[in-house]
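Read through the structure below, which is laid out as structure tokens, and then see the notes.
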Amino acid sequence: MTESIKIERFFKNFGLFAFSTVVLLVVIELFSVIFLYFKGVDPKKYEYNQILSGYHVFKNTPGAPLWNEVKEHPNDPPSFVDGFGFISDHPIYEQKQDGVIRIFVMGGSAVFGVGQFPPFATVHPYHLGNLSYSLGIAGQLQRYLQTKRPDLRFEVINAAATDRMLHQSMLYYLETISRFSPDIIINLDGYNDLHYGIMSGRPYAEMEGRIPNYLNLLDGVRSYQPNFMTLLNIIYKKYLRDMVGEKLKEKYLLKDDMEQKKYSFGEYKKVEDSFIATSQRFLQILDQYMAVLHSDKVDFIFAIQPMLYRQVNKELSKIENRMRNEVFGVGPNLTPDVIDKFVLMSKYFFDEHLSEASRKKVEKSGYRFLDINKEISHLKSDFELYIDYCHFTVEGSRAVAQIVGKEVLKRF
């Protein structure tokens, strides 16, 4: 038998074997489907009595450096998220040193120090990376307090996270922060709660809906990935991401005149009652959070973060005014009706209802309340505070830190 005939026979037998195997597997699968169907067995039924829940949904990744960090000085060491999800200028231990006043600043991306949302760069480009600890709100607050009261020792910790909402801050406090003997908790919230919770009235469910995204990220780390895929990812991040980002800007860009009739105060009044109804869950969570802090004898300052689209605001600069009137950063899959409601809520709801309702609850509990939009109303148009809808310039972070710092100092 010649060599070519041997090779031909081998491939013929291998092909027959492979085909037979596939047919056998298909037959077995079909038999199983039919058998289970007539037995009334659902093969996709969840058998265990515990399921994933939006308790946290996400935490800051321990050991992660700040992305594209904007530093005060080029030679400053890089900032990292520690094992508890905190960012500080020194290691944080559970056992607090004697005489230290420990303050945790909590909230979403504005407190975390995130840079500009890319679509707004079409008006004016600002930094995209994260502000370092020293340039962000927490670091600037620590510097302000220490300067004003050098006789005291302040420790201000950045315990915020991108996209975090008020109910997650409460759960994060219960799980982690309460172990660190905090003296003061400061929450700067508003935009994420508006976007993910107040609109629907279901903040926990809104976050649970995002669990698959984080599972996919985790599975990507746990599963095997060929080395060449890692190499391609490095090449993409280094050379292609910025170019692709430019192409995607328009996809996430809503160019709309904020002053047109459908965004008028009259249109807002038509839907105000529905907004008030869905906001009750937010106010309930605020009550629950304060009750937890009361039980631990922890002081609390609740602040509504500054937002570009509100009517009560600083005197907007030319850049800020253009961003407000020309760009509205929203996801590309939202329906026009949802977008319109979100714009109306962003423009009017805090000023007309939620700010005052929050203030009453906070002060009734014996804590302190700040609406930063009202506190910055003295700022003139030559001061650039916003780099997009709610994130800040370095000077803007300093201004917010000083407003909060003045409230902190009233305690001493």
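In the structure tokens, chains take the letters A, B, ... in the order shown, each chain's residues start at 1, and ligands count up from 1 in the order shown.
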
Please run DSSP on the backbone and report, as JSON, numbers by chain, all residues within segment 28-272 of chain A that come out as helix (DSSP H, G or I). {"A": [28, 29, 30, 31, 32, 33, 34, 35, 36, 37, 38, 39, 109, 110, 111, 112, 118, 119, 120, 121, 122, 137, 138, 139, 140, 141, 142, 143, 144, 145, 146, 147, 148, 166, 167, 168, 169, 170, 171, 172, 173, 174, 175, 177, 178, 179, 180, 191, 192, 193, 194, 195, 196, 197, 198, 203, 204, 205, 206, 207, 208, 211, 212, 213, 214, 215, 216, 217, 218, 219, 220, 221, 222, 227, 228, 229, 230, 231, 232, 233, 234, 235, 236, 237, 238, 239, 240, 241, 242, 243, 244, 245, 246, 247, 248, 249, 250, 251, 252, 261, 262, 263, 265, 266, 267, 268, 269, 270, 271, 272]}

Running DSSP on the backbone, which parts of segment 91-272 of chain A land in strand (DSSP E), as a short mmCIF file (atom, residue, chain, number, x, y, z; two decimals) with C-alpha atoms, in the first residue's frame?
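Output file states.cif follows:
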```
data_model
loop_
_atom_site.label_atom_id
_atom_site.label_comp_id
_atom_site.auth_asym_id
_atom_site.auth_seq_id
_atom_site.Cartn_x
_atom_site.Cartn_y
_atom_site.Cartn_z
CA VAL A 100 -7.17 62.01 64.59
CA ILE A 101 -10.46 63.29 63.17
CA ARG A 102 -11.31 60.71 60.51
CA ILE A 103 -13.56 61.90 57.66
CA PHE A 104 -14.86 59.78 54.78
CA VAL A 105 -16.05 61.54 51.62
CA MET A 106 -18.50 59.43 49.65
CA GLY A 107 -20.43 59.73 46.41
CA ARG A 153 -5.31 66.41 62.97
CA PHE A 154 -7.58 65.63 60.04
CA GLU A 155 -7.62 62.45 57.97
CA VAL A 156 -9.83 62.74 54.89
CA ILE A 157 -10.40 59.55 52.88
CA ASN A 158 -11.83 59.31 49.36
CA ILE A 184 -17.74 62.40 60.01
CA ILE A 185 -19.32 60.99 56.86
CA ILE A 186 -19.79 63.41 53.96
CA ASN A 187 -21.95 62.37 51.03
CA LEU A 188 -22.05 64.38 47.80
CA ASP A 189 -24.77 62.79 45.74
CA LEU A 253 -24.07 62.98 21.91
CA LEU A 254 -27.47 64.60 22.12
#
```

Per residue of segment 129-155 of chain A within 12 Å of segment 368-391 of chain A, what are the shortest atom pair and its distance in Å to one decimal, counting only C-alpha atoms, with rows by chain and residue number, as JSON lines?
```
{"residue": "A:Gly129", "atom": "CA", "partner": "A:His391", "partner_atom": "CA", "distance": 11.5}
{"residue": "A:Asn130", "atom": "CA", "partner": "A:His391", "partner_atom": "CA", "distance": 10.5}
{"residue": "A:Leu131", "atom": "CA", "partner": "A:His391", "partner_atom": "CA", "distance": 10.6}
{"residue": "A:Gly136", "atom": "CA", "partner": "A:His391", "partner_atom": "CA", "distance": 10.6}
{"residue": "A:Ile137", "atom": "CA", "partner": "A:His391", "partner_atom": "CA", "distance": 10.9}
```

Please save C-alpha atoms of the selected residues as a short mmCIF file (atom, residue, chain, number, x, y, z; two decimals), in the first residue's frame.
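In the end it all went to out-v8.cif:
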```
data_model
loop_
_atom_site.label_atom_id
_atom_site.label_comp_id
_atom_site.auth_asym_id
_atom_site.auth_seq_id
_atom_site.Cartn_x
_atom_site.Cartn_y
_atom_site.Cartn_z
CA GLY A 129 -8.02 61.01 33.44
CA ASN A 130 -8.69 60.83 37.16
CA LEU A 131 -7.56 63.63 39.44
CA GLY A 136 -9.55 65.85 44.05
CA ILE A 137 -12.20 66.92 46.54
#
```

May I ask which of the residues A:Ser20, A:Ser178, A:Ser223, A:Pro77 is the closest one to Ser295 of chain A, counting only C-alpha atoms? A:Ser178

Could you give me, as a Markdown table, a per-residue list for segment 117-203 of chain A showing, wherever an atom lies at most 10 Å from an atom of segment 343-351 of chain A, the closest pair of atoms and their distance in Å to one decimal, using only C-alpha atoms and sorting by chain then residue number from low to high?
```
| residue | atom | partner | partner_atom | distance |
| --- | --- | --- | --- | --- |
| A:Gly190 | CA | A:Phe350 | CA | 8.8 |
| A:Tyr191 | CA | A:Ser346 | CA | 8.4 |
| A:Leu194 | CA | A:Ser346 | CA | 7.7 |
| A:His195 | CA | A:Ser346 | CA | 9.0 |
| A:Ile198 | CA | A:Met345 | CA | 9.4 |
| A:Met199 | CA | A:Met345 | CA | 8.2 |
```

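Here atom CA of Lys71 of chain A and atom CA of Phe120 of chain A stand 22.0 Å from one another.
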
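Restricting the calculation to only C-alpha atoms, the smallest distance between Ile304 of chain A and any of A:Leu166, A:Leu145, A:Val26, A:Val33 is found for A:Leu166.
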
Return the single residue from A:Gln280, A:Asn325, A:Thr162, A:Ser355 that is closest to Ala110 of chain A, with distances computed using only C-alpha atoms. A:Thr162

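Minimum distance to Val327 of chain A across A:Ile211, A:Leu308, A:Val27, A:Val271 (counting only C-alpha atoms) occurs at A:Leu308.
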